[in-house]
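A.B. asks: Compact mmCIF, C-alpha atoms, file final_39.txt:
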# COMPACT_ATOMS: atom_id res chain seq x y z
CA MET Q 130 0.00 0.00 0.00
CA THR Q 131 1.38 3.37 -0.93
CA ARG Q 132 2.17 6.04 1.59
CA SER Q 133 -0.51 8.39 0.23
CA MET Q 134 -3.13 5.63 0.44
CA LYS Q 135 -2.18 4.94 4.10
CA SER Q 136 -2.45 8.67 4.86
CA LEU Q 137 -5.87 8.86 3.19
CA ILE Q 138 -7.16 5.85 5.15
CA SER Q 139 -5.75 7.27 8.39
CA MET Q 140 -7.45 10.63 7.79
CA PHE Q 141 -10.74 8.87 7.00
CA LEU Q 142 -10.56 6.80 10.20
CA LEU Q 143 -9.76 9.87 12.31
CA LEU Q 144 -12.64 11.79 10.74
CA PHE Q 145 -15.01 8.83 11.26
CA LEU Q 146 -13.98 8.37 14.89
CA ASN Q 147 -14.36 12.10 15.51
CA ILE Q 148 -17.93 12.03 14.12
CA VAL Q 149 -18.86 8.98 16.25
CA VAL Q 150 -17.44 10.56 19.42
CA LYS Q 151 -19.17 13.89 18.80
CA SER Q 152 -22.53 12.21 18.22
CA GLN Q 153 -22.36 10.82 21.77
CA ASP Q 154 -21.51 14.11 23.46
CA VAL Q 155 -23.91 15.28 26.14
CA THR Q 156 -24.45 18.96 25.48
CA GLU Q 157 -25.29 21.48 28.17
CA ALA Q 158 -28.70 22.02 26.55
CA HIS Q 159 -29.34 18.26 26.76
CA LYS Q 160 -28.26 18.16 30.41
CA ASP Q 161 -30.45 21.16 31.21
CA SER Q 162 -33.46 19.60 29.50
CA ILE Q 163 -33.08 16.32 31.39
CA ARG Q 164 -32.43 18.13 34.68
CA LYS Q 165 -35.64 20.13 34.25
CA SER Q 166 -37.60 16.99 33.38
CA VAL Q 167 -36.48 15.26 36.57
CA GLU Q 168 -37.19 18.34 38.68
CA HIS Q 169 -40.64 18.57 37.07
CA TYR Q 170 -41.24 14.89 37.87
CA TYR Q 171 -40.45 15.49 41.54
CA GLN Q 172 -42.66 18.61 41.65
CA LEU Q 173 -45.62 16.73 40.17
CA ASN Q 174 -44.99 13.73 42.43
CA LEU Q 175 -44.95 16.04 45.45
CA LYS Q 176 -48.27 17.52 44.34
CA VAL Q 177 -49.76 14.02 44.16
CA TYR Q 178 -48.57 13.30 47.71
CA GLN Q 179 -50.76 16.09 49.08
CA GLN Q 180 -54.11 15.35 50.70
CA THR Q 181 -55.84 17.64 48.20
CA SER Q 182 -54.43 15.89 45.13
CA THR Q 183 -56.75 14.75 42.38
CA LYS Q 184 -56.77 12.16 39.61
CA ASP Q 185 -55.77 15.01 37.27
CA ASP Q 186 -52.59 15.47 39.31
CA ILE Q 187 -51.77 11.79 38.80
CA ASP Q 188 -52.57 12.09 35.08
CA ASN Q 189 -50.25 15.10 34.80
CA LEU Q 190 -47.45 13.08 36.38
CA PHE Q 191 -48.04 10.14 34.05
CA ASN Q 192 -47.96 12.44 31.01
CA LEU Q 193 -44.19 12.56 31.59
CA PHE Q 194 -43.89 8.82 30.86
CA THR Q 195 -43.64 6.86 27.62
CA ASP Q 196 -46.45 4.43 26.85
CA ASP Q 197 -44.14 1.49 27.63
CA PHE Q 198 -42.77 3.05 30.82
CA VAL Q 199 -41.48 0.61 33.46
CA TYR Q 200 -40.78 1.09 37.14
CA ILE Q 201 -38.18 -1.11 38.78
CA HIS Q 202 -37.73 -1.47 42.51
CA PRO Q 203 -35.81 -4.64 43.44
CA LYS Q 204 -36.54 -4.29 47.17
CA TYR Q 205 -40.32 -4.12 46.60
CA GLY Q 206 -40.94 -6.82 44.06
CA GLY Q 207 -39.07 -5.96 40.91
CA LYS Q 208 -40.59 -4.63 37.71
CA TYR Q 209 -43.94 -2.89 37.21
CA SER Q 210 -45.68 -1.68 34.06
CA ARG Q 211 -47.02 1.83 33.55
CA LYS Q 212 -50.53 0.46 34.12
CA ASP Q 213 -49.55 -1.24 37.40
CA ILE Q 214 -47.96 1.92 38.78
CA TYR Q 215 -50.85 4.12 37.62
CA GLU Q 216 -53.36 1.87 39.38
CA GLY Q 217 -51.15 1.92 42.47
CA TYR Q 218 -51.18 5.72 42.52
CA LEU Q 219 -54.97 5.77 42.17
CA ASN Q 220 -55.39 3.21 44.98
CA ASN Q 221 -53.02 5.13 47.27
CA GLN Q 222 -54.97 8.30 46.65
CA LYS Q 223 -58.31 6.58 47.23
CA ASN Q 224 -57.04 4.97 50.46
CA GLY Q 225 -55.74 8.27 51.88
CA SER Q 226 -52.05 7.37 51.65
CA TYR Q 227 -51.39 10.77 50.11
CA ASN Q 228 -51.97 12.78 53.25
CA GLY Q 229 -49.65 15.77 52.84
CA SER Q 230 -47.06 14.55 55.34
CA ILE Q 231 -44.36 14.96 52.67
CA THR Q 232 -43.88 18.71 52.26
CA ASP Q 233 -40.94 18.91 49.86
CA VAL Q 234 -38.25 17.00 48.03
CA LYS Q 235 -34.56 17.82 48.14
CA ILE Q 236 -32.26 16.63 45.38
CA LYS Q 237 -28.84 16.33 47.00
CA ASN Q 238 -27.00 15.28 43.86
CA MET Q 239 -27.78 14.63 40.22
CA ILE Q 240 -25.51 12.87 37.72
CA ILE Q 241 -26.61 13.40 34.13
CA GLY Q 242 -25.56 11.21 31.24
CA LEU Q 243 -26.81 10.53 27.75
CA ASN Q 244 -30.59 10.08 28.16
CA ALA Q 245 -30.19 9.06 31.79
CA VAL Q 246 -30.01 10.68 35.22
CA VAL Q 247 -29.24 9.35 38.67
CA THR Q 248 -30.49 11.32 41.67
CA ASP Q 249 -29.66 11.22 45.35
CA ARG Q 250 -32.75 12.65 47.02
CA VAL Q 251 -34.65 12.88 50.27
CA TYR Q 252 -38.19 13.89 51.10
CA LEU Q 253 -38.91 16.49 53.75
CA ARG Q 254 -41.67 16.31 56.33
CA HIS Q 255 -42.50 18.12 59.54
CA ALA Q 256 -41.16 16.38 62.62
CA GLU Q 257 -43.09 16.41 65.88
CA SER Q 258 -40.89 19.33 66.91
CA GLY Q 259 -42.27 21.27 63.94
CA GLU Q 260 -38.92 21.37 62.14
CA LEU Q 261 -38.39 19.83 58.73
CA GLU Q 262 -36.68 16.47 58.75
CA GLU Q 263 -35.21 14.47 55.89
CA VAL Q 264 -36.86 11.09 55.33
CA ASP Q 265 -36.76 8.25 52.82
CA PRO Q 266 -33.33 8.83 51.28
CA GLY Q 267 -33.08 7.19 47.91
CA MET Q 268 -31.10 6.74 44.75
CA THR Q 269 -33.15 6.83 41.56
CA LEU Q 270 -32.18 6.15 37.96
CA PHE Q 271 -34.26 7.81 35.25
CA GLU Q 272 -33.95 6.80 31.60
CA PHE Q 273 -35.37 8.90 28.77
CA ARG Q 274 -36.55 8.24 25.24
CA ASN Q 275 -37.86 10.95 22.90
CA GLY Q 276 -38.02 13.48 25.74
CA LYS Q 277 -40.12 11.30 28.06
CA ILE Q 278 -39.23 9.10 31.01
CA SER Q 279 -39.10 5.49 29.83
CA LYS Q 280 -37.84 3.87 33.01
CA ILE Q 281 -37.41 4.65 36.67
CA ALA Q 282 -35.33 2.30 38.80
CA GLU Q 283 -35.18 2.99 42.53
CA TYR Q 284 -32.57 1.59 44.88
CA TRP Q 285 -33.54 2.29 48.48
Go ahead and express the file in the form of C-alpha cells.
C.D. replies:
Amino acid sequence: MTRSMKSLISMFLLLFLNIVVKSQDVTEAHKDSIRKSVEHYYQLNLKVYQQTSTKDDIDNLFNLFTDDFVYIHPKYGGKYSRKDIYEGYLNNQKNGSYNGSITDVKIKNMIIGLNAVVTDRVYLRHAESGELEEVDPGMTLFEFRNGKISKIAEYW
C-alpha cells in the first residue's frame, strides 16, 4: 500500500472516529433539559402526595412517561408496568395514603448522562418538633426516550 493511500485511510478513520465521538456528546442544553424533566417529575410527584391531590394530578405526572414506561424497585418486588404503577397511585390516593405529610423534596445530587439521570434525594416532612426532617433517602435512575421518562429504577 502506498504512503498516500495509508495517509488517506488514516485521515478517513480519524474523521469517522471524531464524528462517532461527537454524536455521543452530552451537550449542556441536553443536560439542562433532562435536569428540568427530573425536577418537574419530583414537583408533580410532590403535588400528588398532598391530601388535596386529584386524579388530574396523577394524570399530569403520568404524562411525563412513555407508553411502555417501566418502574423497577428490586426491594419491593421488581418490575412494574405503567398500568400497574398508575393503578397503584390511584389506589393510594383513594385509600388516603397521600396525606400531605411529605412537604418537599430535596435533590442532593444529580448525575446526568446521555438520556439518563441518577439522583440522590430525600423527602422532607415536619417532625413532631415542627422542624423539617429528611426522610426516605433514595437513589433513583431515570432513563429517557424521545423526551419522556421510559424507566425509573429505585434503589432504596
A.B. asks: Quick one: pull the distance between CA of Pro203 (chain Q) and CA of Ile187 (chain Q), Å, one decimal.
C.D. replies: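 CA of Ile187 (chain Q) lies at a distance of 23.4 Å from CA of Pro203 (chain Q).
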A.B. asks: To one decimal place in Å, what is the distance between CA of Met268 (chain Q) and CA of Trp285 (chain Q)?
C.D. replies: 6.3 Å
A.B. asks: Nearest to Glu283 (chain Q) among Q:Val234, Q:Tyr200, Q:Asn224, Q:Ile214, with distances taken over all atoms listed in the file: which residue is it?
C.D. replies: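 Of all the options, Q:Tyr200 lies closest to Glu283 (chain Q).
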A.B. asks: Report the distance between CA of Glu263 (chain Q) and CA of Ser182 (chain Q) in Å, rounded to one decimal place.
C.D. replies: 22.1 Å
A.B. asks: Within 8 Å of Arg274 (chain Q), counting all atoms listed in the file, which residues qualify if same-chain residues fewer than 3 places away don't, as an MDAnalysis selection string?
C.D. replies: chainID Q and resid 195 244 277:279
A.B. asks: Calculated over only C-alpha atoms, which of the candidates Q:Thr232, Q:Gln172, Q:Asn275, Q:Asn221 has the smallest distance to Leu261 (chain Q)?
C.D. replies: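 Of Q:Thr232, Q:Gln172, Q:Asn275, Q:Asn221, the one nearest Leu261 (chain Q), counting only C-alpha atoms, is Q:Thr232.
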A.B. asks: Using only C-alpha atoms, which residue out of Q:Ser230, Q:Asn174, Q:Thr269, Q:Asn189 lies closest to Glu257 (chain Q)?
C.D. replies: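 When distances to Glu257 (chain Q) are compared using only C-alpha atoms, the smallest one comes from Q:Ser230.
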A.B. asks: Using all atoms listed in the file - which residues lie no farther than 12 Å from the point (-41.2, 2.1, 28.8) in the file's frame? Write them as a list of chain:residue names.
C.D. replies: Q:Phe191, Q:Leu193, Q:Phe194, Q:Thr195, Q:Asp196, Q:Asp197, Q:Phe198, Q:Val199, Q:Tyr200, Q:Ile201, Q:Lys208, Q:Tyr209, Q:Ser210, Q:Arg211, Q:Lys212, Q:Phe271, Q:Glu272, Q:Phe273, Q:Arg274, Q:Asn275, Q:Lys277, Q:Ile278, Q:Ser279, Q:Lys280, Q:Ile281, Q:Ala282
A.B. asks: Might you pull out every residue within 8 Å of Gly242 (chain Q), with all atoms listed in the file counted and same-chain residues fewer than 2 positions away left off, and present them as a VMD selection string?
C.D. replies: chain Q and resid 155 160 240 244 to 246
A.B. asks: Q:Val264, Q:Ile231, Q:Leu253, Q:Leu190: which is nearest Val167 (chain Q), counting all atoms listed in the file?
C.D. replies: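 Closest candidate: Q:Leu190.
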